[in-house]
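The file model_25.cif contains mmCIF, C-alpha atoms:
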```cif
data_model
loop_
_atom_site.label_atom_id
_atom_site.label_comp_id
_atom_site.auth_asym_id
_atom_site.auth_seq_id
_atom_site.Cartn_x
_atom_site.Cartn_y
_atom_site.Cartn_z
CA MET Z 1 81.39 109.91 97.49
CA ILE Z 2 79.18 107.43 99.27
CA GLY Z 3 79.42 108.20 102.98
CA ALA Z 4 80.66 111.77 103.01
CA SER Z 5 78.72 112.84 106.06
CA GLY Z 6 81.20 111.09 108.34
CA ALA Z 7 84.48 112.87 109.09
CA PHE Z 8 86.56 110.45 107.04
CA GLY Z 9 84.51 110.69 103.84
CA PHE Z 10 84.01 114.39 104.37
CA GLY Z 11 87.74 114.93 104.59
CA ILE Z 12 88.32 113.07 101.33
CA ALA Z 13 85.56 115.03 99.62
CA ILE Z 14 86.84 118.46 100.59
CA ARG Z 15 90.48 117.62 99.87
CA LEU Z 16 89.65 116.33 96.39
CA ALA Z 17 87.37 119.31 95.75
CA ARG Z 18 90.18 121.63 96.78
CA ALA Z 19 92.26 120.03 94.04
CA GLY Z 20 89.53 120.78 91.52
CA VAL Z 21 87.72 117.45 91.41
CA PRO Z 22 83.91 117.80 91.12
CA ILE Z 23 82.33 115.83 93.95
CA ALA Z 24 78.90 114.16 93.88
CA ILE Z 25 77.90 113.48 97.45
CA GLY Z 26 75.47 110.65 98.11
CA SER Z 27 73.55 109.76 101.20
CA ARG Z 28 70.69 107.44 102.02
CA GLN Z 29 68.61 110.57 102.49
CA SER Z 30 69.03 113.33 99.95
CA GLU Z 31 68.40 115.87 102.70
CA ARG Z 32 71.49 114.67 104.51
CA ALA Z 33 73.49 114.91 101.29
CA ARG Z 34 72.37 118.53 100.92
CA GLU Z 35 73.50 119.30 104.48
CA THR Z 36 76.88 117.71 103.75
CA VAL Z 37 77.23 119.70 100.54
CA ALA Z 38 76.52 122.91 102.49
CA ARG Z 39 79.23 122.04 105.01
CA ALA Z 40 81.66 121.10 102.24
CA ALA Z 41 81.00 124.30 100.31
CA ALA Z 42 81.65 126.30 103.47
CA ALA Z 43 85.03 124.59 103.83
CA ILE Z 44 85.98 124.85 100.14
CA PRO Z 45 84.10 127.81 98.62
CA GLN Z 46 85.58 127.19 95.17
CA GLY Z 47 84.65 123.49 95.35
CA ARG Z 48 82.11 121.92 93.00
CA PHE Z 49 79.71 119.79 95.02
CA SER Z 50 76.36 118.23 94.19
CA ALA Z 51 73.90 116.38 96.45
CA HIS Z 52 72.25 113.07 95.55
CA ASP Z 53 70.87 109.91 96.99
CA ASN Z 54 73.47 107.13 96.88
CA ALA Z 55 72.34 105.78 93.52
CA GLY Z 56 72.28 109.26 92.02
CA ALA Z 57 75.81 109.96 93.22
CA ALA Z 58 77.04 106.69 91.74
CA ARG Z 59 75.46 107.54 88.40
CA ALA Z 60 77.01 111.01 88.41
CA ALA Z 61 80.66 109.92 88.45
CA SER Z 62 83.05 107.48 86.81
CA THR Z 63 84.79 106.82 90.14
CA VAL Z 64 82.85 105.90 93.26
CA ILE Z 65 84.47 106.10 96.69
CA LEU Z 66 82.75 104.01 99.33
CA SER Z 67 83.46 105.16 102.88
CA VAL Z 68 80.60 103.91 105.00
CA PRO Z 69 80.87 102.12 108.35
CA PHE Z 70 81.41 98.41 107.82
CA ARG Z 71 78.07 97.58 109.39
CA ASN Z 72 76.44 99.43 106.49
CA GLN Z 73 78.73 98.28 103.68
CA SER Z 74 76.73 95.27 102.57
CA GLU Z 75 73.37 97.03 102.66
CA THR Z 76 74.79 100.04 100.86
CA LEU Z 77 76.23 97.88 98.10
CA THR Z 78 72.98 95.97 97.72
CA ASN Z 79 71.16 99.24 97.15
CA LEU Z 80 73.94 100.72 95.06
CA ALA Z 81 74.48 97.78 92.70
CA PRO Z 82 71.74 98.68 90.20
CA ALA Z 83 73.31 102.12 89.78
CA LEU Z 84 76.84 100.88 89.14
CA THR Z 85 77.92 100.22 85.58
CA PRO Z 86 80.71 98.13 84.05
CA GLY Z 87 83.92 100.11 83.69
CA GLN Z 88 83.31 102.23 86.78
CA LEU Z 89 86.05 102.33 89.37
CA LEU Z 90 84.92 101.56 92.91
CA ILE Z 91 87.38 102.60 95.61
CA ASP Z 92 86.46 100.79 98.78
CA ALA Z 93 87.67 102.25 102.08
CA SER Z 94 85.62 100.02 104.37
CA VAL Z 95 87.22 98.54 107.46
CA PRO Z 96 85.72 95.52 109.21
CA LEU Z 97 86.57 96.67 112.72
CA ALA Z 98 85.07 94.66 115.54
CA ALA Z 99 83.56 97.98 116.63
CA ALA Z 100 80.87 97.26 114.03
CA VAL Z 101 79.49 94.64 116.42
CA SER Z 102 80.30 96.58 119.59
CA GLY Z 103 83.76 95.01 119.87
CA LYS Z 104 87.06 96.82 120.19
CA ALA Z 105 88.27 99.18 117.48
CA THR Z 106 91.69 97.53 117.73
CA ARG Z 107 90.24 94.18 116.65
CA MET Z 108 89.04 92.98 113.27
CA LEU Z 109 86.08 90.92 112.18
CA GLY Z 110 86.69 87.93 109.95
CA VAL Z 111 84.96 88.54 106.62
CA TRP Z 112 84.08 85.36 104.78
CA GLN Z 113 85.34 86.72 101.44
CA GLY Z 114 88.65 87.67 103.07
CA SER Z 115 88.20 91.41 103.39
CA ALA Z 116 85.64 94.17 103.06
CA ALA Z 117 87.12 94.97 99.65
CA GLN Z 118 86.57 91.41 98.45
CA GLN Z 119 83.02 91.61 99.75
CA ALA Z 120 82.61 94.77 97.68
CA ARG Z 121 83.96 93.02 94.61
CA GLU Z 122 81.58 90.11 95.15
CA MET Z 123 78.60 92.43 95.51
CA ALA Z 124 79.38 94.91 92.74
CA PRO Z 125 78.16 94.12 89.22
CA ASP Z 126 80.55 92.36 86.86
CA GLY Z 127 82.90 94.79 85.18
CA VAL Z 128 83.04 97.24 88.06
CA ARG Z 129 86.71 97.56 88.92
CA VAL Z 130 87.40 97.47 92.66
CA VAL Z 131 90.44 99.01 94.33
CA SER Z 132 90.94 99.01 98.09
CA ALA Z 133 92.52 102.11 99.60
CA LEU Z 134 92.77 104.72 102.34
CA HIS Z 135 92.68 102.50 105.44
CA THR Z 136 95.73 104.12 107.00
CA VAL Z 137 94.60 107.72 106.54
CA SER Z 138 92.92 109.17 109.60
CA ALA Z 139 89.79 111.31 109.52
CA ALA Z 140 91.52 113.84 111.75
CA SER Z 141 94.36 114.26 109.26
CA LEU Z 142 92.01 114.45 106.30
CA THR Z 143 89.91 117.20 107.80
CA ASP Z 144 92.97 119.19 108.91
CA LEU Z 145 93.36 121.09 105.67
CA GLU Z 146 96.26 123.17 106.93
CA HIS Z 147 98.65 120.23 106.86
CA PRO Z 148 99.72 117.95 103.99
CA LEU Z 149 99.03 114.35 104.85
CA ASP Z 150 102.71 113.24 104.79
CA GLN Z 151 101.88 109.57 104.34
CA ASP Z 152 101.33 106.83 101.82
CA VAL Z 153 98.02 105.49 100.58
CA LEU Z 154 98.19 101.73 100.25
CA LEU Z 155 96.34 100.37 97.20
CA CYS Z 156 95.22 96.80 96.55
CA GLY Z 157 93.52 95.63 93.38
CA ASP Z 158 93.70 92.96 90.73
CA ALA Z 159 94.58 95.23 87.79
CA ARG Z 160 97.57 97.54 87.70
CA GLU Z 161 95.71 100.04 85.53
CA ASP Z 162 92.87 100.31 88.06
CA LYS Z 163 95.37 101.07 90.81
CA ARG Z 164 97.13 103.60 88.61
CA GLN Z 165 93.83 105.37 88.02
CA ALA Z 166 93.03 105.36 91.73
CA ALA Z 167 96.53 106.67 92.45
CA ARG Z 168 96.12 109.61 90.07
CA LEU Z 169 92.99 110.60 91.97
CA LEU Z 170 94.16 109.96 95.51
CA GLU Z 171 97.47 111.74 95.12
CA LEU Z 172 95.36 114.87 94.80
CA LEU Z 173 94.55 114.57 98.51
CA GLY Z 174 97.84 116.38 99.17
CA GLY Z 175 101.02 114.91 100.63
CA THR Z 176 100.00 111.40 99.71
CA ARG Z 177 102.00 108.92 97.68
CA CYS Z 178 100.03 105.90 96.47
CA VAL Z 179 101.76 102.52 96.69
CA ASP Z 180 100.73 99.37 94.82
CA CYS Z 181 100.47 96.71 97.53
CA GLY Z 182 99.36 93.88 95.29
CA ARG Z 183 96.17 92.02 94.54
CA LEU Z 184 92.81 92.79 96.09
CA GLU Z 185 93.21 89.89 98.53
CA MET Z 186 96.00 91.86 100.23
CA ALA Z 187 93.27 94.21 101.46
CA ARG Z 188 92.73 91.92 104.42
CA ILE Z 189 96.12 93.16 105.62
CA THR Z 190 95.79 96.83 104.68
CA GLU Z 191 92.31 96.97 106.23
CA SER Z 192 93.71 95.62 109.49
CA LEU Z 193 96.16 98.51 109.60
CA THR Z 194 93.30 100.73 110.70
CA ALA Z 195 93.06 98.68 113.88
CA LEU Z 196 96.83 98.80 114.32
CA LEU Z 197 96.92 102.58 113.95
CA ILE Z 198 94.01 102.98 116.36
CA SER Z 199 96.09 101.03 118.87
CA VAL Z 200 99.14 103.20 118.18
CA ASN Z 201 97.11 106.41 118.37
CA ALA Z 202 95.62 105.39 121.72
CA ARG Z 203 99.16 105.15 123.09
CA TYR Z 204 100.65 108.27 121.54
CA LYS Z 205 97.59 110.57 121.36
CA SER Z 206 98.49 110.85 117.69
CA HIS Z 207 96.96 110.60 114.24
CA ALA Z 208 99.60 108.33 112.79
CA GLY Z 209 99.95 107.44 109.13
CA ILE Z 210 102.24 105.07 107.27
CA ARG Z 211 105.16 105.65 104.96
CA LEU Z 212 106.94 102.80 103.22
CA THR Z 213 110.69 103.31 103.01
CA GLY Z 214 113.07 101.89 100.43
CA LEU Z 215 110.80 102.24 97.39
CA PRO Z 216 111.96 103.54 94.01
CA ASP Z 217 111.17 107.14 93.07
CA PRO Z 218 108.76 107.58 91.39
CA VAL Z 219 106.62 104.61 92.41
CA TRP Z 220 104.57 104.78 89.20
CA GLU Z 221 106.52 104.63 85.97
CA MET X 1 119.90 84.58 119.07
CA ILE X 2 117.94 81.47 118.19
CA GLY X 3 118.04 81.13 114.41
CA ALA X 4 121.03 83.24 113.44
CA SER X 5 122.14 81.03 110.57
CA GLY X 6 119.39 82.46 108.34
CA ALA X 7 120.01 85.85 106.76
CA PHE X 8 117.42 87.62 108.93
CA GLY X 9 118.74 86.41 112.28
CA PHE X 10 122.31 86.78 111.09
CA GLY X 11 121.68 90.41 110.19
CA ILE X 12 120.27 91.13 113.62
CA ALA X 13 123.19 89.39 115.30
CA ILE X 14 125.90 91.29 113.46
CA ARG X 15 124.15 94.64 113.78
CA LEU X 16 123.71 94.25 117.52
CA ALA X 17 127.29 92.99 117.87
CA ARG X 18 128.51 96.04 115.98
CA ALA X 19 126.81 98.15 118.62
CA GLY X 20 128.71 96.30 121.35
CA VAL X 21 126.11 93.74 122.41
CA PRO X 22 127.60 90.30 123.21
CA ILE X 23 125.75 87.71 121.12
CA ALA X 24 125.20 84.08 122.07
CA ILE X 25 124.29 82.21 118.90
CA GLY X 26 122.25 79.05 119.26
CA SER X 27 121.49 76.37 116.73
CA ARG X 28 120.02 72.90 116.86
CA GLN X 29 123.51 71.62 116.08
CA SER X 30 126.38 73.27 117.92
CA GLU X 31 128.54 72.78 114.82
CA ARG X 32 126.23 75.01 112.84
CA ALA X 33 126.34 77.63 115.58
CA ARG X 34 130.15 77.58 115.38
CA GLU X 35 130.00 78.11 111.62
CA THR X 36 127.63 81.04 112.11
CA VAL X 37 129.90 82.55 114.75
CA ALA X 38 132.83 82.31 112.34
CA ARG X 39 130.84 84.12 109.64
CA ALA X 40 129.65 86.75 112.12
CA ALA X 41 133.17 87.35 113.44
CA ALA X 42 134.39 87.81 109.87
CA ALA X 43 131.70 90.49 109.34
CA ILE X 44 132.27 92.21 112.72
CA PRO X 45 135.83 91.52 113.86
CA GLN X 46 135.36 93.45 117.10
CA GLY X 47 132.09 91.59 117.85
CA ARG X 48 131.71 89.29 120.83
CA PHE X 49 130.09 86.05 119.69
CA SER X 50 129.75 82.65 121.32
CA ALA X 51 128.37 79.37 119.90
CA HIS X 52 125.86 77.17 121.70
CA ASP X 53 123.05 74.73 121.18
CA ASN X 54 119.69 76.51 121.45
CA ALA X 55 119.26 75.78 125.16
CA GLY X 56 122.80 76.93 125.88
CA ALA X 57 122.24 80.19 124.04
CA ALA X 58 119.02 80.82 125.96
CA ARG X 59 120.81 80.21 129.26
CA ALA X 60 123.62 82.58 128.28
CA ALA X 61 121.51 85.73 127.90
CA SER X 62 118.78 87.68 129.62
CA THR X 63 117.12 88.48 126.28
CA VAL X 64 116.34 85.76 123.75
CA ILE X 65 115.52 86.65 120.14
CA LEU X 66 113.64 83.93 118.29
CA SER X 67 113.97 84.19 114.50
CA VAL X 68 113.30 80.71 113.16
CA PRO X 69 111.01 79.82 110.25
CA PHE X 70 107.43 79.48 111.45
CA ARG X 71 107.37 75.79 110.62
CA ASN X 72 110.05 75.33 113.30
CA GLN X 73 108.73 77.77 115.89
CA SER X 74 106.64 75.34 117.89
CA GLU X 75 109.28 72.59 117.95
CA THR X 76 111.99 75.10 118.85
CA LEU X 77 109.95 76.48 121.75
CA THR X 78 109.16 72.99 123.02
CA ASN X 79 112.86 72.23 123.17
CA LEU X 80 113.77 75.67 124.47
CA ALA X 81 111.21 75.91 127.25
CA PRO X 82 113.24 74.07 129.93
CA ALA X 83 116.10 76.52 129.37
CA LEU X 84 113.99 79.66 129.69
CA THR X 85 113.61 81.24 133.12
CA PRO X 86 111.06 83.64 134.58
CA GLY X 87 112.04 87.26 134.01
CA GLN X 88 113.75 86.58 130.70
CA LEU X 89 112.62 88.67 127.75
CA LEU X 90 111.69 86.66 124.67
CA ILE X 91 111.53 88.72 121.47
CA ASP X 92 109.60 86.73 118.90
CA ALA X 93 110.12 87.58 115.23
CA SER X 94 108.25 84.58 113.81
CA VAL X 95 105.90 85.08 110.88
CA PRO X 96 103.21 82.52 110.04
CA LEU X 97 103.51 82.90 106.27
CA ALA X 98 101.63 80.38 104.18
CA ALA X 99 105.04 79.61 102.69
CA ALA X 100 105.55 77.41 105.77
CA VAL X 101 103.10 74.94 104.22
CA SER X 102 104.21 75.54 100.62
CA GLY X 103 101.69 78.34 100.13
CA LYS X 104 102.37 81.87 98.96
CA ALA X 105 104.66 84.18 100.92
CA THR X 106 102.06 86.92 100.47
CA ARG X 107 99.49 84.92 102.45
CA MET X 108 99.21 84.16 106.12
CA LEU X 109 98.31 81.06 108.07
CA GLY X 110 95.67 81.34 110.74
CA VAL X 111 97.25 80.55 114.09
CA TRP X 112 94.81 79.26 116.68
CA GLN X 113 96.24 81.48 119.41
CA GLY X 114 95.91 84.51 117.13
CA SER X 115 99.53 84.99 116.11
CA ALA X 116 102.94 83.38 116.27
CA ALA X 117 103.77 85.68 119.17
CA GLN X 118 100.77 84.47 121.13
CA GLN X 119 101.79 80.90 120.40
CA ALA X 120 105.22 81.78 121.80
CA ARG X 121 103.65 83.21 124.93
CA GLU X 122 101.51 80.12 125.38
CA MET X 123 104.51 77.82 125.00
CA ALA X 124 107.05 79.78 127.04
CA PRO X 125 107.22 79.13 130.79
CA ASP X 126 105.24 81.41 133.09
CA GLY X 127 107.09 84.60 133.85
CA VAL X 128 108.91 84.78 130.52
CA ARG X 129 108.02 88.16 129.04
CA VAL X 130 107.13 88.00 125.36
CA VAL X 131 107.45 90.94 122.96
CA SER X 132 106.71 90.63 119.25
CA ALA X 133 108.94 92.61 116.90
CA LEU X 134 110.91 92.98 113.70
CA HIS X 135 108.38 91.67 111.16
CA THR X 136 108.76 94.65 108.85
CA VAL X 137 112.56 94.62 108.73
CA SER X 138 113.97 92.76 105.73
CA ALA X 139 116.90 90.37 105.86
CA ALA X 140 118.45 92.20 102.92
CA SER X 141 118.39 95.51 104.78
CA LEU X 142 119.71 93.95 107.98
CA THR X 143 122.70 92.36 106.29
CA ASP X 144 123.51 95.53 104.33
CA LEU X 145 125.69 97.06 107.01
CA GLU X 146 126.62 100.08 104.93
CA HIS X 147 123.15 101.60 105.23
CA PRO X 148 121.15 102.61 108.29
CA LEU X 149 117.78 100.84 108.31
CA ASP X 150 115.67 104.04 108.03
CA GLN X 151 112.54 102.42 109.35
CA ASP X 152 110.49 101.69 112.44
CA VAL X 153 110.38 98.49 114.42
CA LEU X 154 106.82 97.74 115.50
CA LEU X 155 106.56 96.28 119.00
CA CYS X 156 103.62 94.43 120.54
CA GLY X 157 103.50 93.18 124.10
CA ASP X 158 101.35 93.20 127.19
CA ALA X 159 103.69 95.21 129.42
CA ARG X 160 105.01 98.65 128.56
CA GLU X 161 108.25 97.98 130.43
CA ASP X 162 108.94 94.85 128.38
CA LYS X 163 108.49 96.84 125.18
CA ARG X 164 110.71 99.61 126.50
CA GLN X 165 113.44 97.07 127.23
CA ALA X 166 113.08 95.55 123.76
CA ALA X 167 113.20 99.05 122.26
CA ARG X 168 116.44 99.90 124.02
CA LEU X 169 118.02 96.82 122.46
CA LEU X 170 116.51 97.02 118.98
CA GLU X 171 117.28 100.70 118.49
CA LEU X 172 120.93 99.58 118.49
CA LEU X 173 120.30 97.98 115.08
CA GLY X 174 120.95 101.41 113.57
CA GLY X 175 118.39 103.72 111.96
CA THR X 176 115.51 102.04 113.74
CA ARG X 177 112.90 103.70 115.89
CA CYS X 178 110.81 101.32 117.98
CA VAL X 179 107.08 102.04 118.22
CA ASP X 180 104.70 100.65 120.84
CA CYS X 181 101.84 99.16 118.81
CA GLY X 182 99.85 97.84 121.72
CA ARG X 183 99.13 94.50 123.33
CA LEU X 184 100.60 91.21 122.19
CA GLU X 185 97.38 90.33 120.37
CA MET X 186 98.16 93.13 117.88
CA ALA X 187 100.99 90.91 116.63
CA ARG X 188 98.53 89.21 114.32
CA ILE X 189 98.52 92.47 112.38
CA THR X 190 102.22 93.30 112.58
CA GLU X 191 103.12 89.73 111.60
CA SER X 192 100.94 90.03 108.51
CA LEU X 193 102.94 93.08 107.43
CA THR X 194 105.70 90.72 106.35
CA ALA X 195 103.34 89.30 103.74
CA LEU X 196 102.29 92.81 102.70
CA LEU X 197 105.88 93.96 102.27
CA ILE X 198 106.74 90.80 100.32
CA SER X 199 103.90 91.75 97.97
CA VAL X 200 105.17 95.33 97.71
CA ASN X 201 108.76 94.20 97.18
CA ALA X 202 107.74 91.85 94.39
CA ARG X 203 106.26 94.85 92.56
CA TYR X 204 109.00 97.37 93.20
CA LYS X 205 112.09 95.11 93.36
CA SER X 206 112.65 96.80 96.71
CA HIS X 207 113.40 95.99 100.33
CA ALA X 208 110.72 98.20 101.80
CA GLY X 209 110.34 99.05 105.46
CA ILE X 210 107.71 100.98 107.39
CA ARG X 211 107.76 104.36 109.05
CA LEU X 212 104.83 105.67 111.05
CA THR X 213 104.24 109.37 110.57
CA GLY X 214 102.60 111.78 112.99
CA LEU X 215 104.07 110.35 116.20
CA PRO X 216 105.48 112.48 119.02
CA ASP X 217 109.24 112.86 119.30
CA PRO X 218 110.63 111.06 121.21
CA VAL X 219 108.30 108.07 121.17
CA TRP X 220 109.55 106.83 124.55
CA GLU X 221 109.35 109.31 127.41
#
```

So that I can check it, write out the structure of this file as structure tokens.
Amino acid sequence: MIGASGAFGFGIAIRLARAGVPIAIGSRQSERARETVARAAAAIPQGRFSAHDNAGAARAASTVILSVPFRNQSETLTNLAPALTPGQLLIDASVPLAAAVSGKATRMLGVWQGSAAQQAREMAPDGVRVVSALHTVSAASLTDLEHPLDQDVLLCGDAREDKRQAARLLELLGGTRCVDCGRLEMARITESLTALLISVNARYKSHAGIRLTGLPDPVWE
Amino acid sequence: MIGASGAFGFGIAIRLARAGVPIAIGSRQSERARETVARAAAAIPQGRFSAHDNAGAARAASTVILSVPFRNQSETLTNLAPALTPGQLLIDASVPLAAAVSGKATRMLGVWQGSAAQQAREMAPDGVRVVSALHTVSAASLTDLEHPLDQDVLLCGDAREDKRQAARLLELLGGTRCVDCGRLEMARITESLTALLISVNARYKSHAGIRLTGLPDPVWE
């Protein structure tokens, strides 16, 4: 987990740890990673957590989840790239909200590559498999461990097998069904759903998620 | 209904007629409108349908639903504008898919105003109230009268009362809950959901819709 000190990444970390997944938590400062591990261990006493700098966390796991604010995504990937190896799965949860440049959280920035996920793919070393996910899952829901999430996780990526692997992991969050939404370029749409849900939540004082209706059961054969 | 000869508009027309709403069907050629009325009356014998040219249909109703292909939206609005009057509600269902210029149906065109709905607002006379809706509802689901839609209709518009009025109408489609997604500018996101669902449907051979989870019940006080 790169970016687990924020509520969103923290929620993912503790939910996956609850399901038995060992979690390597990275931060720019190792001290901050240790603080996050202490908080995570308090929430999930049986969880297996370890603290690292970002590069150390990336080296410690076969799957890397990137959940940093968009304003830090590029810098983080620049620093992370030497630690990533071909074959690793990089799950990018970045959202280019206009809030990154002091704009509204209901508006998006245009990213030259098309989406934050495509920027991640461009910046990651060749052979790192990038899947975009988790943009419609709220931090508040993730950190509310009492309730199943009751929503879908929308996945975009260029290889079906990469998405299947991401799905196997992310369905461990609890109450989540992962849906294959197509190629990585579709991430420009799924990323924008964060802004849409922020707009909805402002109106309804809610922590809305998304379910797709009319899909076959199960969604992964 | 402007654009009821296509499956999408036709499905909306017959579902609303089934709920007792009188439907004025407009087409560029009145002959085509008459053919559509005949088809609609065959589907809903108790329905009240009338055939018009586009301007005639717009003059016949207080609410105008625009469901024409995006490549025709601008021309249709240019011709329709003299027939629209302040206070009318214009529900725009246009989607700027790249398919309009022979591109992929999973990709969007950039619209200078931000979205097709904002183009509609720019082109409609002052005082016409524009609400964007229906982009996540498939033609196949609409024309399948045996099944309730089991999905949400996402509404964008600048006035809560306009959205409430659109919701009262569109909840008559059957199985639809209408959700206030914010200002009209959010339509650039809801319009892009058509492309996302086309991508999902290509993978799952489905006619997927969207439900938002975690909202209060009821969503309209």

Where does the PyMOL selection byres ((chain X) within 6 of (chain Z)) land in this file, that is, which residues does it pick, as an mmCIF file with C-alpha atoms, keeping the file's coordinate frame?
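Saved result, out.cif, follows:
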```cif
data_model
loop_
_atom_site.group_PDB
_atom_site.id
_atom_site.type_symbol
_atom_site.label_atom_id
_atom_site.label_comp_id
_atom_site.auth_asym_id
_atom_site.auth_seq_id
_atom_site.Cartn_x
_atom_site.Cartn_y
_atom_site.Cartn_z
ATOM 1 C CA CYS X 181 101.840 99.160 118.810
ATOM 2 C CA GLY X 182 99.850 97.840 121.720
ATOM 3 C CA SER X 199 103.900 91.750 97.970
ATOM 4 C CA VAL X 200 105.170 95.330 97.710
ATOM 5 C CA SER X 206 112.650 96.800 96.710
ATOM 6 C CA HIS X 207 113.400 95.990 100.330
ATOM 7 C CA ALA X 208 110.720 98.200 101.800
ATOM 8 C CA GLY X 209 110.340 99.050 105.460
ATOM 9 C CA ILE X 210 107.710 100.980 107.390
ATOM 10 C CA ARG X 211 107.760 104.360 109.050
ATOM 11 C CA LEU X 212 104.830 105.670 111.050
ATOM 12 C CA THR X 213 104.240 109.370 110.570
ATOM 13 C CA GLY X 214 102.600 111.780 112.990
ATOM 14 C CA LEU X 215 104.070 110.350 116.200
#
```

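Rounded to one decimal, atom CA of Met1 of chain Z and atom CA of Ser102 of chain Z lie 25.8 Å from each other.
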
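Between atom CA of Leu172 of chain X and atom CA of Pro69 of chain X the separation is 23.6 Å.
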
List every protein, DNA or RNA residue that has at least one atom no more than 12 Å from (68.7, 112.3, 99.0) in the file's coordinates, counting all atoms listed in the file, and write the result as a ChimeraX atom specification. /Z:2,24-37,50-57

Determine the residue membership of the PyMOL selection byres ((chain X and resi 38-40) around 12) for the file above and supply it as a PyMOL selection string. chain X and resi 4-7+9-18+22-25+31-37+41-51+143

Evaluate the PyMOL selection byres ((chain X and resi 131) around 10) on the structure here and hand back the selected residues as a ChimeraX atom specification. /X:65,89-93,117-118,120-121,128-130,132-133,155-160,162-167,183-184,187

May I have the centre and edge lengths, in Å to one decimal, of an axis-aligned box around the listed atoms of segment 129-147 of chain X with 6 Å added to every side, as JSON?
```
{"center_x": 116.7, "center_y": 94.8, "center_z": 116.0, "size_x": 31.9, "size_y": 25.6, "size_z": 38.1}
```

Check the smallest atom-to-atom distance from each of Z:Leu173, Z:Ala83, Z:Ala139, Z:Val95 to Ala61 of chain Z using all atoms listed in the file, then report the winner. Z:Ala83

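Rounded to one decimal, atom CA of Cys178 of chain X and atom CA of Asp144 of chain Z lie 26.8 Å from each other.
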
Residue nearest His147 of chain Z - candidates Z:His135, Z:Val101, Z:Gly175, Z:Gln113, atoms counted: only C-alpha atoms: Z:Gly175

Do a neighbour search on Pro86 of chain Z at 12 Å with only C-alpha atoms, toss out local chain neighbours closer than 5 positions, and write the hits as number ranges by chain. Z: 59, 62-63, 81, 124-130

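Of the listed residues (X:Gln119, X:Ser94, X:Thr136, X:Thr176), X:Gln119 comes nearest to Thr78 of chain X; the distances count all atoms listed in the file.
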
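Counting all atoms listed in the file, the residue from Z:Thr76, Z:Ser138, Z:Ser67, Z:Ser115 that sits nearest to Pro96 of chain Z is Z:Ser115.
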